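These notes concern the structure reproduced below.
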Amino acid sequence: MILIGASGHAKVILDILEKNEFTVDYLLDANPNIKELAGYNVIEDKNHIDDIDQEYIVSIGSNLIRKRVSEQRKVKFGWAIHPDSILGDDVSIGQGTVVMAGAIINPSTQVGNHCIINTSASIDHDCEIADYVHISPNATLCGTIEVGEGTHIGAGATIIPNLKIGKWATIGAGAVVIKDVPDYAVVVGNPGRIIKIGNGEE
């Protein structure tokens, strides 16, 4: 496995891969001054030739940057699923996605490509999570929720059942969402209220 991005997020992914006994060859990063992370060599990305026989994970926390980087690479993407996470029956996990310790994904949920399901996040049955979504620590998604591409759901946020959350939206930490959320909206508070609607990705 090769990671793209040498950051704090990469440290968590390295820990997951080690617990699953994956071999990590090295990391790539755009910063030429980063030479090592958590005992692994870091190579400047511009000097790297992609290896079509390897699997990669984009270890970058920003949803938008993760999307841009993954779309630029013509490589195979792997997964990192912590052994202390719980995945129900018929759960689908897309390529490049990371599922962290304590996360629970209940039956018949679909998680897209290059998502982050963070520590102790809970996703109930029949949810649909699009590509490049980040569900932060301790966030709770009740059943039958749709989350659009690139959306960030903050730490400790709660979304009640049967809602649709648009693409590239931001749900603030601790927010309680009780209504559908449009594309590019920023939602905060309990009950959640829209404080801004943007016009583009993040």
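By order in the structure tokens, chains are A, B, ...; within a chain, residues start at 1; ligands start at 1, following the order shown.
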
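Every protein, DNA or RNA residue with an atom at most 12 Å from Asn47 in chain A, where only C-alpha atoms count and chain neighbours fewer than 5 positions away do not, is listed here: Leu28, Asp29, Ala30, Asn31, Pro32 and Val42 of chain A.
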
So which residues touch Ile153 in chain A within 9 Å, counting only C-alpha atoms, skipping near sequence neighbours fewer than 6 positions away, as a list of chain:residue names? A:Val133, A:His134, A:Ile135, A:Ser136, A:Ala139, A:Ala169, A:Thr170, A:Ile171, A:Gly172, A:Ala173, A:Ala175

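Of the residues under consideration (A:Gly143, A:Lys76, A:Asp84, A:Glu21), A:Gly143 shows the shortest atom-to-atom contact distance to Pro107 in chain A when counting only C-alpha atoms.
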
With distances taken over only C-alpha atoms, which residue among A:Ser92, A:Lys19, A:His114, A:Thr97 lies nearest Asp126 in chain A?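 Nearest to Asp126 in chain A: A:Ser92.
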
Run DSSP on the backbone and grab whatever in range 45-200 of chain A lands in alpha helix (DSSP H); send it over as a PDB file with N, CA, C and O atoms, in the first residue's frame.
```pdb
ATOM      1  N   ASN A  63     -12.007  17.082   1.953  1.00  0.00           N
ATOM      2  CA  ASN A  63     -12.790  16.358   0.947  1.00  0.00           C
ATOM      3  C   ASN A  63     -12.462  16.827  -0.465  1.00  0.00           C
ATOM      4  O   ASN A  63     -12.354  16.020  -1.395  1.00  0.00           O
ATOM      5  N   LEU A  64     -12.344  18.132  -0.646  1.00  0.00           N
ATOM      6  CA  LEU A  64     -12.093  18.671  -1.982  1.00  0.00           C
ATOM      7  C   LEU A  64     -10.716  18.270  -2.498  1.00  0.00           C
ATOM      8  O   LEU A  64     -10.575  17.846  -3.652  1.00  0.00           O
ATOM      9  N   ILE A  65      -9.703  18.379  -1.646  1.00  0.00           N
ATOM     10  CA  ILE A  65      -8.347  18.008  -2.085  1.00  0.00           C
ATOM     11  C   ILE A  65      -8.274  16.508  -2.322  1.00  0.00           C
ATOM     12  O   ILE A  65      -7.636  16.048  -3.279  1.00  0.00           O
ATOM     13  N   ARG A  66      -8.936  15.732  -1.462  1.00  0.00           N
ATOM     14  CA  ARG A  66      -8.945  14.279  -1.662  1.00  0.00           C
ATOM     15  C   ARG A  66      -9.569  13.929  -3.019  1.00  0.00           C
ATOM     16  O   ARG A  66      -9.094  13.040  -3.734  1.00  0.00           O
ATOM     17  N   LYS A  67     -10.621  14.642  -3.388  1.00  0.00           N
ATOM     18  CA  LYS A  67     -11.239  14.404  -4.693  1.00  0.00           C
ATOM     19  C   LYS A  67     -10.268  14.742  -5.823  1.00  0.00           C
ATOM     20  O   LYS A  67     -10.077  13.955  -6.757  1.00  0.00           O
ATOM     21  N   ARG A  68      -9.656  15.915  -5.747  1.00  0.00           N
ATOM     22  CA  ARG A  68      -8.746  16.348  -6.825  1.00  0.00           C
ATOM     23  C   ARG A  68      -7.582  15.383  -6.994  1.00  0.00           C
ATOM     24  O   ARG A  68      -7.221  15.017  -8.117  1.00  0.00           O
ATOM     25  N   VAL A  69      -7.000  14.976  -5.860  1.00  0.00           N
ATOM     26  CA  VAL A  69      -5.843  14.080  -5.931  1.00  0.00           C
ATOM     27  C   VAL A  69      -6.247  12.727  -6.488  1.00  0.00           C
ATOM     28  O   VAL A  69      -5.569  12.175  -7.367  1.00  0.00           O
ATOM     29  N   SER A  70      -7.353  12.172  -6.032  1.00  0.00           N
ATOM     30  CA  SER A  70      -7.761  10.843  -6.496  1.00  0.00           C
ATOM     31  C   SER A  70      -8.101  10.854  -7.979  1.00  0.00           C
ATOM     32  O   SER A  70      -7.840   9.872  -8.692  1.00  0.00           O
ATOM     33  N   GLU A  71      -8.672  11.943  -8.469  1.00  0.00           N
ATOM     34  CA  GLU A  71      -9.027  12.018  -9.883  1.00  0.00           C
ATOM     35  C   GLU A  71      -7.803  12.177 -10.782  1.00  0.00           C
ATOM     36  O   GLU A  71      -7.860  11.870 -11.980  1.00  0.00           O
ATOM     37  N   GLN A  72      -6.699  12.652 -10.220  1.00  0.00           N
ATOM     38  CA  GLN A  72      -5.475  12.824 -10.998  1.00  0.00           C
ATOM     39  C   GLN A  72      -4.695  11.524 -11.177  1.00  0.00           C
ATOM     40  O   GLN A  72      -3.873  11.413 -12.083  1.00  0.00           O
TER      41      GLN A  72
END
```

Close residues, Ile2 in chain A itself excluded, 6 Å, only C-alpha atoms, min 6 positions apart in chain, as a PDB file with all heavy atoms, in the first residue's frame:
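Written out: out_32.pdb:
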```pdb
ATOM      1  N   VAL A  24       2.933  -1.257   4.246  1.00  0.00           N
ATOM      2  CA  VAL A  24       2.950   0.094   3.674  1.00  0.00           C
ATOM      3  C   VAL A  24       4.362   0.364   3.173  1.00  0.00           C
ATOM      4  O   VAL A  24       5.324   0.358   3.949  1.00  0.00           O
ATOM      5  CB  VAL A  24       2.531   1.141   4.716  1.00  0.00           C
ATOM      6  CG1 VAL A  24       2.591   2.545   4.114  1.00  0.00           C
ATOM      7  CG2 VAL A  24       1.124   0.837   5.237  1.00  0.00           C
ATOM      8  N   ASP A  25       4.493   0.590   1.872  1.00  0.00           N
ATOM      9  CA  ASP A  25       5.821   0.793   1.292  1.00  0.00           C
ATOM     10  C   ASP A  25       6.393   2.155   1.671  1.00  0.00           C
ATOM     11  O   ASP A  25       7.541   2.258   2.094  1.00  0.00           O
ATOM     12  CB  ASP A  25       5.767   0.657  -0.231  1.00  0.00           C
ATOM     13  CG  ASP A  25       5.511  -0.782  -0.660  1.00  0.00           C
ATOM     14  OD1 ASP A  25       5.105  -1.582   0.192  1.00  0.00           O
ATOM     15  OD2 ASP A  25       5.697  -1.099  -1.842  1.00  0.00           O
ATOM     16  N   TYR A  26       5.591   3.202   1.490  1.00  0.00           N
ATOM     17  CA  TYR A  26       6.022   4.572   1.798  1.00  0.00           C
ATOM     18  C   TYR A  26       4.833   5.499   1.593  1.00  0.00           C
ATOM     19  O   TYR A  26       3.750   5.072   1.169  1.00  0.00           O
ATOM     20  CB  TYR A  26       7.191   4.997   0.906  1.00  0.00           C
ATOM     21  CG  TYR A  26       6.987   4.755  -0.567  1.00  0.00           C
ATOM     22  CD1 TYR A  26       6.276   5.663  -1.360  1.00  0.00           C
ATOM     23  CD2 TYR A  26       7.490   3.614  -1.178  1.00  0.00           C
ATOM     24  CE1 TYR A  26       6.073   5.433  -2.715  1.00  0.00           C
ATOM     25  CE2 TYR A  26       7.293   3.374  -2.534  1.00  0.00           C
ATOM     26  CZ  TYR A  26       6.589   4.293  -3.289  1.00  0.00           C
ATOM     27  OH  TYR A  26       6.383   4.062  -4.622  1.00  0.00           O
ATOM     28  N   LEU A  27       5.046   6.771   1.905  1.00  0.00           N
ATOM     29  CA  LEU A  27       4.030   7.797   1.686  1.00  0.00           C
ATOM     30  C   LEU A  27       4.544   8.800   0.658  1.00  0.00           C
ATOM     31  O   LEU A  27       5.757   8.969   0.489  1.00  0.00           O
ATOM     32  CB  LEU A  27       3.697   8.540   2.978  1.00  0.00           C
ATOM     33  CG  LEU A  27       3.005   7.761   4.091  1.00  0.00           C
ATOM     34  CD1 LEU A  27       4.006   7.004   4.948  1.00  0.00           C
ATOM     35  CD2 LEU A  27       2.181   8.679   4.967  1.00  0.00           C
ATOM     36  N   TYR A  56      -3.343   2.234  -3.543  1.00  0.00           N
ATOM     37  CA  TYR A  56      -3.092   3.534  -2.933  1.00  0.00           C
ATOM     38  C   TYR A  56      -4.299   3.944  -2.082  1.00  0.00           C
ATOM     39  O   TYR A  56      -5.428   3.518  -2.336  1.00  0.00           O
ATOM     40  CB  TYR A  56      -2.889   4.606  -4.007  1.00  0.00           C
ATOM     41  CG  TYR A  56      -1.619   4.503  -4.814  1.00  0.00           C
ATOM     42  CD1 TYR A  56      -1.406   3.455  -5.711  1.00  0.00           C
ATOM     43  CD2 TYR A  56      -0.629   5.472  -4.701  1.00  0.00           C
ATOM     44  CE1 TYR A  56      -0.250   3.383  -6.464  1.00  0.00           C
ATOM     45  CE2 TYR A  56       0.534   5.412  -5.446  1.00  0.00           C
ATOM     46  CZ  TYR A  56       0.723   4.356  -6.329  1.00  0.00           C
ATOM     47  OH  TYR A  56       1.868   4.280  -7.085  1.00  0.00           O
TER      48      TYR A  56
END
```

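Taking CA of Thr151 in chain A and CA of Glu18 in chain A as endpoints, the distance between them is 28.4 Å.
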
Any idea what's packed within 9 Å of Gly102 in chain A, counting only C-alpha atoms, ignoring anything in its chain fewer than 5 positions away? Could you give it as JSON, numbers by chain? {"A": [82, 83, 84, 85, 86, 118, 119, 120, 121, 122]}

Of the candidates A:Ile93, A:Ile60, A:Leu3, A:Ala101, which one gets nearest to Asp45 in chain A if we count only C-alpha atoms? A:Leu3

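Residues in contact range of Asn199 in chain A, defined as at most 10 Å between only C-alpha atoms, with sequence neighbours fewer than 4 positions away removed, read Trp168, Asp183, Tyr184 and Ala185 of chain A.
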
Hey, what does DSSP flag as strand (DSSP E) within range 45-201 of chain A? Can you give it to me as a PyMOL selection string? chain A and resi 55-58+76-77+80-81+86-87+92-93+98-99+104-105+110-111+116-117+122-123+128-129+134-135+140-141+146-147+152-153+158-159+164-165+170-171+176-177+185-188+193-197

Which residue gives the smallest distance to Glu44 in chain A among A:Val147, A:Thr140, A:Ser108, A:Ile4, with only C-alpha atoms counted?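 Among the listed residues, the smallest separation from Glu44 in chain A belongs to A:Ile4.
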
I'd like to know which of A:His125, A:Asp53, A:Ile105, A:Met1 is closest to Gly78 in chain A, using only C-alpha atoms. A:Met1

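As for CA of Glu146 in chain A and CA of His9 in chain A, they are spaced 25.1 Å apart.
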
Computed interatomic separation between CA of Gly174 in chain A and CA of Gly156 in chain A (Å):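 Taking CA of Gly174 in chain A and CA of Gly156 in chain A, their separation equals 4.6 Å.
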
Which residue out of A:Ile34, A:Ile160, A:Ile123, A:Ala130 has the minimum interatomic distance to Val111 in chain A when only C-alpha atoms are used?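 Closest candidate: A:Ala130.
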